[in-house]
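Novice: The structure follows.
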Amino acid sequence: MSIPQSGGGPIERYEQLAEYLASGCKPKDQWRIGTEHEKFGYCRDTLRPLPYDGPRSIKAVLEGLRDRFGWAPVLEGGNIIGLQKGGANVSLEPGGQLELSGAPLETIHQTCDEVNEHLREVRSVADEIGVGFIGLGAAPIWRHEDMPLMPKGRYKLMDGYMQQVGTMGTTMMRRTCTVQVNLDYASEADMVQKLRVALALQPVATALFANSPFIDGAPNGHKSWRSRVWRDLDAARTGMLPFAFDDGFGFDAWVEYALDVPMYFVYRDGAYINALGQSFRDFLKGELPALPGEKPTLSDWADHLTTLFPEARIKKYIEMRGADGGPWRRLCALPAFWVGLMYDQGALDAAWELAKGWDAETREALRVAASVSGLQGQVGPIRMHDLAREALAISEAGLKARARPGADGMIPDETHFLNALRDSVETGRVPADDLLAHYHGDWGGDLTQVYAGYSY
């Protein structure tokens with residue numbers, strides 16, 4: 001979840017809403033890569049989730065990273081709820097999942113180095129206090145009542161509201177993890193093409209990274225239960241966004257969509273003010289019940305944009321949101337996959353050619369098939385395995401065309417970061433398949449063994 005936005009002045013013209021999105025346009029030489037990933041923490045002796053406070057806790061991990069590695073604390077209500085350093089931040093998801101939101105970097109080599117350094121730092125602190133971290137798309141054993149809610153005002157508001165608008169919102173908050181990548185666009189037209197490719201091919205990422213076949217201590221019938229959760233969370237702010245494929249789509253259409261999404265909050269003086277279900281359109285008119293007579297700032301608009309949760313979304317960049325959290329090597333594969341598709345025009349055109357003939361029903365059916373069956377999914381004549389093979393080949397060609405070498409010059413490009421995905425395409429197996437094989441095989445149905453086998 002995003003931290004509060006800052007630095008925006010008053011909104012005096014309606015056009016500023018779209019101009020805010022357009023201000024993200026950058027020339028190609030300024031395009032960057034921002035990788036985010038979440039992970040579950042647990043006590044090694046009890047295998048229980050970490051509380052916020054105590055000797056073995058989320059707070060202890062954050063304080064350890066602060067004291068040992070020079071991260072600056074982010075506080076809310078006197079509680080440490082995040083860290084910042086060098087353009088990156090570490091934040092807390094609602095159930096205590098620890099998230100790295102990486103700095104904007106030029107190459108996959110750099111973003112992977114950043115991920116590796118972060119995981120080494122976390123493991124150094126965690127080892128000393130008897131804590132472990134694991135990369136999965138959903139908590140395999142812990143139940144809702146086992147999961148603490150972190151002391152952030154945003155989450156307290158969301159927790160109650162989620163139960164009014166869907167059946168799985170609180171599950172998403174407490175018991176899922178993802179890996180994401182944030183990428184830039186050059187213009188409105190470039191944004192439109194990239195967002196359409198991101199939405200249409202997001203099911204391929206869901207299938208390749210599917211890593212959540214368990215919930216409540218047993219198989220759940222899906223390769224990606226995390227993806228299943230998002231399908232019944234809050235219809236007003238989730239989904240595959242068919243309107244993004246309409247003629248004339250652009251920044252203005254995104255603004256209209258965002259304005260139709262009910263608000264969660266307004267952030268003022270370090271506190272979250274309850275604006276649940278209220279309208280940003282009313283806010284623009286100075287008629288928001290939560291703050292009567294007050295009009296919004298661009299920071300309020302930026303905050304509101306963080307409360308939209310489709311499979312891909314626009315802020316001042318595009319977020320790819322369809323992949324499960326996973327093992328160490330796949331944390332670098334996800335940005336490599338999307339950079340290969342998005343940051344070379346030939347690859348982007350080929351990716352759109354792959355998907356442009358699908359209608360909204362096909363795109364949604366692919367989303368469901370990826371969640372249920374991973375690479376074994378099929379929608380009509382479209383086999384997910386074949387689709388993934390084609391998308392991966394396009395991504396690899398895009399990375400070769402980028403030709404970004406490693407720091408020492410010995411590695412000519414970024415294609416080796418796709419190796420984990422090549423393995424999946426060659427075998428037809430994704431992480432969920434391996435987890436299920438262990439569960440039905442050598443684990444003998446004992447899911448506690450996942451911690452020893454899959455922790456960082």
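In the structure tokens, chains take letters A, B, ... by order of appearance, with residues numbered from 1 within each chain and ligands from 1 in the order shown.
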Hey, what's within 7 Å of Ser279 of chain A if we count only C-alpha atoms and toss same-chain stuff fewer than 4 positions away? As a ChimeraX atom specification, please?
Specialist: /A:262-263,283
Novice: Using 10 Å as the limit and counting only C-alpha atoms, can you tabulate each residue of segment 109-211 of chain A that touches segment 274-277 of chain A, with its shortest atom-to-atom distance in Å and the two atoms involved, as CSV?
Specialist:
residue,atom,partner,partner_atom,distance
A:Gly153,CA,A:Asn274,CA,9.3
A:Arg154,CA,A:Asn274,CA,8.9
A:Lys156,CA,A:Asn274,CA,9.8
A:Leu157,CA,A:Asn274,CA,6.8
A:Met158,CA,A:Leu276,CA,8.2
A:Gly160,CA,A:Leu276,CA,9.7
A:Tyr161,CA,A:Leu276,CA,7.1
Novice: Out of A:Glu390, A:Glu93, A:Glu114, A:Glu188, which residue has the shortest atom-to-atom distance to Ala18 of chain A when counting only C-alpha atoms?
Specialist: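 Closest to Ala18 of chain A of all the choices is A:Glu188.
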Novice: So that I can check the surroundings of Gly239 of chain A, please list as a PyMOL selection string every protein, DNA and RNA residue that reaches within 6 Å of it, counting only C-alpha atoms and ignoring chain neighbours fewer than 2 positions away.
Specialist: chain A and resi 241+310-311
Novice: What would the file look like if the residues just selected were written as a PDB file, in the first residue's frame with C-alpha atoms?
Specialist:
ATOM      1  CA  LEU A 241     -10.953  -2.139 -17.217  1.00  0.00           C
ATOM      2  CA  PRO A 310      -7.166  -2.726 -11.170  1.00  0.00           C
ATOM      3  CA  GLU A 311      -4.809  -5.289 -12.708  1.00  0.00           C
TER       4      GLU A 311
END
Novice: Where in segment 27-94 of chain A does DSSP assign helix (DSSP H, G or I), given as a PyMOL selection string?
Specialist: chain A and resi 28-30+58-69
Novice: Keeping only N, CA and C atoms, write the selected residues to a file as a CSV table (one decimal), in the first residue's frame.
Specialist:
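Saved to selection16.csv:
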chain,number,residue,atom,x,y,z
A,28,LYS,N,12.4,8.7,-23.6
A,28,LYS,CA,12.9,7.3,-23.4
A,28,LYS,C,14.1,7.2,-22.6
A,29,ASP,N,15.1,8.2,-22.8
A,29,ASP,CA,16.3,8.1,-22.0
A,29,ASP,C,16.1,8.3,-20.5
A,30,GLN,N,14.9,8.8,-20.1
A,30,GLN,CA,14.6,9.0,-18.7
A,30,GLN,C,13.7,7.9,-18.1
A,58,ILE,N,7.4,-7.0,13.7
A,58,ILE,CA,7.6,-6.1,12.6
A,58,ILE,C,8.3,-4.9,13.0
A,59,LYS,N,7.9,-4.4,14.2
A,59,LYS,CA,8.6,-3.2,14.7
A,59,LYS,C,10.1,-3.4,14.9
A,60,ALA,N,10.4,-4.6,15.5
A,60,ALA,CA,11.8,-4.9,15.7
A,60,ALA,C,12.6,-5.0,14.4
A,61,VAL,N,12.0,-5.6,13.4
A,61,VAL,CA,12.7,-5.6,12.1
A,61,VAL,C,12.9,-4.3,11.5
A,62,LEU,N,11.9,-3.4,11.6
A,62,LEU,CA,12.1,-2.0,11.1
A,62,LEU,C,13.1,-1.3,11.9
A,63,GLU,N,13.1,-1.4,13.2
A,63,GLU,CA,14.1,-0.7,14.0
A,63,GLU,C,15.5,-1.3,13.7
A,64,GLY,N,15.6,-2.6,13.5
A,64,GLY,CA,16.9,-3.1,13.1
A,64,GLY,C,17.5,-2.6,11.8
A,65,LEU,N,16.6,-2.5,10.8
A,65,LEU,CA,17.0,-2.0,9.5
A,65,LEU,C,17.4,-0.5,9.7
A,66,ARG,N,16.7,0.2,10.5
A,66,ARG,CA,17.0,1.6,10.8
A,66,ARG,C,18.4,1.8,11.4
A,67,ASP,N,18.6,1.0,12.5
A,67,ASP,CA,19.8,1.2,13.3
A,67,ASP,C,21.0,0.6,12.6
A,68,ARG,N,20.9,-0.5,11.9
A,68,ARG,CA,22.1,-1.1,11.3
A,68,ARG,C,22.4,-0.7,9.9
A,69,PHE,N,21.4,-0.3,9.1
A,69,PHE,CA,21.7,0.0,7.7
A,69,PHE,C,21.3,1.4,7.3
Novice: In terms of the shortest atom-to-atom distance over only C-alpha atoms, which of A:Asp300, A:Asp413, A:Asp282, A:Asp232 is closest to Gln163 of chain A?
Specialist: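 Going through A:Asp300, A:Asp413, A:Asp282, A:Asp232 one by one, the smallest distance to Gln163 of chain A is for A:Asp232.
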Novice: Find the residues near Phe249 of chain A: any atom within 10 Å, counting only C-alpha atoms, skip ones fewer than 4 places away on the same chain, and give them as a count of residues only.
Specialist: 8
Novice: Which of segment 198-263 of chain A counts as strand (DSSP E or B) under DSSP, as a ChimeraX atom specification please?
Specialist: /A:212,214-215,218-219,224
Novice: Quick one: of A:Asp184, A:Asp408, A:Asp45, A:Glu76, who's nearest to Ile33 of chain A, counting only C-alpha atoms?
Specialist: A:Asp184
Novice: Env of segment 360-368 of chain A: 10 Å cut, atoms = only C-alpha atoms, seq-sep filter 2 positions within chain, self excluded. Answer as a ChimeraX atom specification.
Specialist: /A:199-207,222,224,227-228,231,239-243,245,311,322,355,357-358,370-374,377-380,382-384
Novice: For the residues in that selection, give me N, CA and C atoms as a short mmCIF file (atom, residue, chain, number, x, y, z; two decimals), in the first residue's frame.
Specialist:
data_model
loop_
_atom_site.label_atom_id
_atom_site.label_comp_id
_atom_site.auth_asym_id
_atom_site.auth_seq_id
_atom_site.Cartn_x
_atom_site.Cartn_y
_atom_site.Cartn_z
N LEU A 199 -2.82 -4.67 -19.39
CA LEU A 199 -4.08 -5.29 -18.97
C LEU A 199 -4.31 -6.61 -19.70
N ALA A 200 -4.12 -6.61 -21.01
CA ALA A 200 -4.42 -7.81 -21.79
C ALA A 200 -3.51 -8.98 -21.44
N LEU A 201 -2.23 -8.70 -21.19
CA LEU A 201 -1.27 -9.77 -20.91
C LEU A 201 -1.02 -9.98 -19.42
N GLN A 202 -1.72 -9.23 -18.57
CA GLN A 202 -1.54 -9.45 -17.13
C GLN A 202 -1.86 -10.90 -16.74
N PRO A 203 -2.86 -11.57 -17.35
CA PRO A 203 -3.08 -12.98 -17.01
C PRO A 203 -1.87 -13.87 -17.29
N VAL A 204 -1.05 -13.51 -18.26
CA VAL A 204 0.16 -14.30 -18.51
C VAL A 204 1.10 -14.19 -17.31
N ALA A 205 1.26 -12.98 -16.78
CA ALA A 205 2.09 -12.82 -15.58
C ALA A 205 1.48 -13.56 -14.41
N THR A 206 0.15 -13.49 -14.27
CA THR A 206 -0.50 -14.23 -13.19
C THR A 206 -0.20 -15.71 -13.29
N ALA A 207 -0.27 -16.26 -14.50
CA ALA A 207 -0.01 -17.69 -14.69
C ALA A 207 1.44 -18.04 -14.42
N HIS A 222 -7.00 -23.35 -6.77
CA HIS A 222 -6.45 -22.35 -7.67
C HIS A 222 -4.92 -22.40 -7.61
N SER A 224 -3.33 -19.55 -8.38
CA SER A 224 -3.13 -18.23 -7.77
C SER A 224 -4.39 -17.82 -7.02
N SER A 227 -4.91 -14.01 -6.97
CA SER A 227 -5.67 -13.47 -8.08
C SER A 227 -7.17 -13.69 -7.88
N ARG A 228 -7.53 -14.85 -7.36
CA ARG A 228 -8.95 -15.12 -7.08
C ARG A 228 -9.51 -14.12 -6.08
N ARG A 231 -10.74 -10.85 -7.46
CA ARG A 231 -11.96 -10.86 -8.28
C ARG A 231 -13.22 -10.67 -7.45
N GLY A 239 -10.29 -4.97 -11.38
CA GLY A 239 -10.69 -5.58 -12.63
C GLY A 239 -9.79 -5.27 -13.81
N MET A 240 -10.29 -5.62 -15.00
CA MET A 240 -9.53 -5.57 -16.25
C MET A 240 -9.84 -4.33 -17.10
N LEU A 241 -10.72 -3.47 -16.64
CA LEU A 241 -10.95 -2.14 -17.22
C LEU A 241 -11.24 -2.16 -18.72
N PRO A 242 -12.37 -2.71 -19.14
CA PRO A 242 -12.70 -2.73 -20.57
C PRO A 242 -12.67 -1.36 -21.23
N PHE A 243 -12.98 -0.29 -20.48
CA PHE A 243 -13.03 1.05 -21.09
C PHE A 243 -11.67 1.49 -21.61
N PHE A 245 -9.85 0.02 -23.55
CA PHE A 245 -9.70 -0.43 -24.93
C PHE A 245 -10.65 0.30 -25.88
N GLU A 311 -5.95 -4.41 -12.42
CA GLU A 311 -4.81 -5.29 -12.71
C GLU A 311 -3.59 -4.51 -13.20
N GLY A 322 -0.39 -7.97 -11.44
CA GLY A 322 -1.04 -9.28 -11.51
C GLY A 322 -0.28 -10.47 -11.00
N ALA A 355 -2.39 -9.48 -28.67
CA ALA A 355 -3.58 -9.36 -27.82
C ALA A 355 -4.70 -8.51 -28.40
N GLY A 357 -6.79 -8.54 -30.77
CA GLY A 357 -8.03 -9.10 -31.28
C GLY A 357 -8.99 -9.61 -30.22
N TRP A 358 -8.57 -9.60 -28.94
CA TRP A 358 -9.42 -10.14 -27.89
C TRP A 358 -10.48 -9.13 -27.48
N ALA A 370 -6.00 -18.15 -15.69
CA ALA A 370 -4.66 -18.06 -15.10
C ALA A 370 -4.72 -18.33 -13.61
N SER A 371 -5.73 -17.76 -12.95
CA SER A 371 -5.88 -17.93 -11.51
C SER A 371 -6.13 -19.39 -11.15
N VAL A 372 -7.00 -20.03 -11.89
CA VAL A 372 -7.37 -21.41 -11.57
C VAL A 372 -6.29 -22.40 -11.98
N SER A 373 -5.80 -22.27 -13.21
CA SER A 373 -5.02 -23.36 -13.81
C SER A 373 -3.59 -23.00 -14.18
N GLY A 374 -3.16 -21.77 -13.96
CA GLY A 374 -1.80 -21.41 -14.32
C GLY A 374 -1.56 -21.61 -15.81
N GLY A 377 -4.18 -23.28 -18.19
CA GLY A 377 -5.44 -22.62 -18.52
C GLY A 377 -5.68 -22.55 -20.02
N GLN A 378 -6.95 -22.51 -20.40
CA GLN A 378 -7.31 -22.39 -21.81
C GLN A 378 -8.63 -21.65 -21.92
N VAL A 379 -8.71 -20.75 -22.90
CA VAL A 379 -9.93 -20.01 -23.20
C VAL A 379 -10.19 -20.16 -24.69
N GLY A 380 -11.20 -20.94 -25.04
CA GLY A 380 -11.45 -21.23 -26.44
C GLY A 380 -10.21 -21.85 -27.04
N ILE A 382 -7.30 -20.43 -27.22
CA ILE A 382 -6.10 -19.82 -26.65
C ILE A 382 -5.61 -20.66 -25.48
N ARG A 383 -4.44 -21.26 -25.62
CA ARG A 383 -3.81 -22.03 -24.55
C ARG A 383 -2.83 -21.12 -23.82
N MET A 384 -2.97 -21.01 -22.51
CA MET A 384 -2.12 -20.12 -21.73
C MET A 384 -0.65 -20.46 -21.91
#
Novice: Between A:Ala258, A:Ala72, A:Lys85, A:Val131, single out the one closest to Gly54 of chain A, counting only C-alpha atoms.
Specialist: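 Using only C-alpha atoms, Gly54 of chain A sits closest to A:Val131.
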Novice: Could you give me, as a PDB file with C-alpha atoms, in the first residue's frame, the residues within 10 Å of segment 393-405 of chain A, counting only C-alpha atoms and dropping anything in the same chain fewer than 2 positions from it?
Specialist:
ATOM      1  CA  GLU A 106      17.822   2.305 -15.168  1.00  0.00           C
ATOM      2  CA  THR A 107      18.390  -1.437 -15.620  1.00  0.00           C
ATOM      3  CA  ILE A 108      17.231  -4.811 -14.352  1.00  0.00           C
ATOM      4  CA  HIS A 109      20.809  -5.387 -13.176  1.00  0.00           C
ATOM      5  CA  ALA A 336      12.539  -8.244 -16.681  1.00  0.00           C
ATOM      6  CA  PHE A 337       9.408  -9.710 -18.249  1.00  0.00           C
ATOM      7  CA  TRP A 338       7.576  -6.386 -18.414  1.00  0.00           C
ATOM      8  CA  VAL A 339      10.579  -4.238 -19.333  1.00  0.00           C
ATOM      9  CA  GLY A 340      11.216  -6.568 -22.269  1.00  0.00           C
ATOM     10  CA  LEU A 341       7.631  -6.117 -23.426  1.00  0.00           C
ATOM     11  CA  MET A 342       7.327  -2.387 -22.761  1.00  0.00           C
ATOM     12  CA  TYR A 343      10.640  -0.588 -23.242  1.00  0.00           C
ATOM     13  CA  ASP A 344      11.394  -1.557 -26.841  1.00  0.00           C
ATOM     14  CA  GLN A 345       8.904  -0.329 -29.452  1.00  0.00           C
ATOM     15  CA  GLY A 346       9.231  -3.400 -31.634  1.00  0.00           C
ATOM     16  CA  ALA A 347       8.458  -5.653 -28.675  1.00  0.00           C
ATOM     17  CA  LEU A 348       5.566  -3.445 -27.553  1.00  0.00           C
ATOM     18  CA  ASP A 349       4.051  -3.550 -31.033  1.00  0.00           C
ATOM     19  CA  ALA A 350       4.449  -7.336 -31.155  1.00  0.00           C
ATOM     20  CA  ALA A 351       2.840  -7.702 -27.717  1.00  0.00           C
ATOM     21  CA  LEU A 354      -0.667 -10.725 -29.841  1.00  0.00           C
ATOM     22  CA  LEU A 387       0.499 -17.537 -24.991  1.00  0.00           C
ATOM     23  CA  ALA A 388       3.165 -17.419 -22.300  1.00  0.00           C
ATOM     24  CA  ARG A 389       5.721 -18.885 -24.699  1.00  0.00           C
ATOM     25  CA  GLU A 390       4.978 -16.182 -27.268  1.00  0.00           C
ATOM     26  CA  ALA A 391       4.970 -13.358 -24.716  1.00  0.00           C
ATOM     27  CA  ALA A 407      28.151  -3.138 -14.598  1.00  0.00           C
ATOM     28  CA  ASP A 408      31.285  -5.127 -15.441  1.00  0.00           C
ATOM     29  CA  GLY A 409      30.385  -5.421 -19.115  1.00  0.00           C
ATOM     30  CA  MET A 410      30.640  -9.204 -18.993  1.00  0.00           C
ATOM     31  CA  ILE A 411      26.869  -9.707 -19.245  1.00  0.00           C
ATOM     32  CA  PRO A 412      25.676  -8.221 -22.560  1.00  0.00           C
ATOM     33  CA  ASP A 413      22.011  -7.711 -21.740  1.00  0.00           C
ATOM     34  CA  GLU A 414      19.236  -8.443 -19.244  1.00  0.00           C
ATOM     35  CA  THR A 415      17.840 -11.627 -20.796  1.00  0.00           C
ATOM     36  CA  HIS A 416      19.282 -13.977 -18.140  1.00  0.00           C
ATOM     37  CA  PHE A 417      16.808 -12.563 -15.631  1.00  0.00           C
ATOM     38  CA  LEU A 418      14.117 -14.441 -17.579  1.00  0.00           C
ATOM     39  CA  ARG A 422      12.071 -20.034 -19.426  1.00  0.00           C
TER      40      ARG A 422
END
Novice: Just checking: using only C-alpha atoms, which residue out of A:Arg175, A:Arg429, A:Arg329, A:Lys315 ends up closest to Ala22 of chain A?
Specialist: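 Using only C-alpha atoms, the shortest distance to Ala22 of chain A belongs to A:Lys315.
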Novice: List as a PDB file with N, CA and C atoms, in the first residue's frame the protein and nucleic acid residues near Val425 of chain A, meaning an atom at most 9 Å away when only C-alpha atoms are counted, but skip any in the same chain fewer than 4 places from it.
Specialist:
ATOM      1  N   LEU A 208       2.369 -17.266 -14.980  1.00  0.00           N
ATOM      2  CA  LEU A 208       3.795 -17.575 -14.820  1.00  0.00           C
ATOM      3  C   LEU A 208       4.265 -17.463 -13.374  1.00  0.00           C
ATOM      4  N   LEU A 375      -0.433 -22.210 -16.172  1.00  0.00           N
ATOM      5  CA  LEU A 375      -0.110 -22.413 -17.580  1.00  0.00           C
ATOM      6  C   LEU A 375      -0.982 -23.473 -18.239  1.00  0.00           C
ATOM      7  N   HIS A 385      -0.333 -21.733 -21.989  1.00  0.00           N
ATOM      8  CA  HIS A 385       1.056 -22.140 -22.142  1.00  0.00           C
ATOM      9  C   HIS A 385       1.636 -21.577 -23.444  1.00  0.00           C
ATOM     10  N   ASP A 386       0.886 -21.684 -24.531  1.00  0.00           N
ATOM     11  CA  ASP A 386       1.353 -21.142 -25.809  1.00  0.00           C
ATOM     12  C   ASP A 386       1.459 -19.620 -25.753  1.00  0.00           C
ATOM     13  N   ALA A 388       2.003 -17.768 -23.119  1.00  0.00           N
ATOM     14  CA  ALA A 388       3.165 -17.419 -22.300  1.00  0.00           C
ATOM     15  C   ALA A 388       4.458 -17.600 -23.085  1.00  0.00           C
ATOM     16  N   ARG A 389       4.521 -18.660 -23.883  1.00  0.00           N
ATOM     17  CA  ARG A 389       5.721 -18.885 -24.699  1.00  0.00           C
ATOM     18  C   ARG A 389       5.933 -17.730 -25.673  1.00  0.00           C
ATOM     19  N   LEU A 392       6.876 -14.488 -23.734  1.00  0.00           N
ATOM     20  CA  LEU A 392       8.246 -14.553 -23.221  1.00  0.00           C
ATOM     21  C   LEU A 392       9.258 -14.343 -24.347  1.00  0.00           C
ATOM     22  N   ALA A 420      14.155 -18.079 -14.983  1.00  0.00           N
ATOM     23  CA  ALA A 420      13.132 -18.793 -14.207  1.00  0.00           C
ATOM     24  C   ALA A 420      11.861 -18.966 -15.024  1.00  0.00           C
ATOM     25  N   LEU A 421      11.542 -17.974 -15.856  1.00  0.00           N
ATOM     26  CA  LEU A 421      10.343 -18.061 -16.677  1.00  0.00           C
ATOM     27  C   LEU A 421      10.557 -19.011 -17.849  1.00  0.00           C
ATOM     28  N   ARG A 429       5.412 -25.900 -15.791  1.00  0.00           N
ATOM     29  CA  ARG A 429       5.206 -25.856 -14.347  1.00  0.00           C
ATOM     30  C   ARG A 429       5.558 -24.473 -13.801  1.00  0.00           C
ATOM     31  N   VAL A 430       4.701 -23.975 -12.932  1.00  0.00           N
ATOM     32  CA  VAL A 430       4.943 -22.712 -12.243  1.00  0.00           C
ATOM     33  C   VAL A 430       5.123 -23.027 -10.760  1.00  0.00           C
TER      34      VAL A 430
END
Novice: Do you have the atom CA of Gly326 of chain A-atom CA of Trp443 of chain A distance handy?
Specialist: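 Between these atoms lies a distance of 19.3 Å.
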Novice: Figure out the distance between atom CA of Ala302 of chain A and atom CA of Phe265 of chain A, please, to one decimal in Å.
Specialist: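 Between atom CA of Phe265 of chain A and atom CA of Ala302 of chain A the gap is 11.9 Å.
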Novice: For Leu447 of chain A, which of A:Tyr264, A:Tyr155, A:Trp142, A:Phe309 is the closest residue, counting only C-alpha atoms?
Specialist: A:Trp142
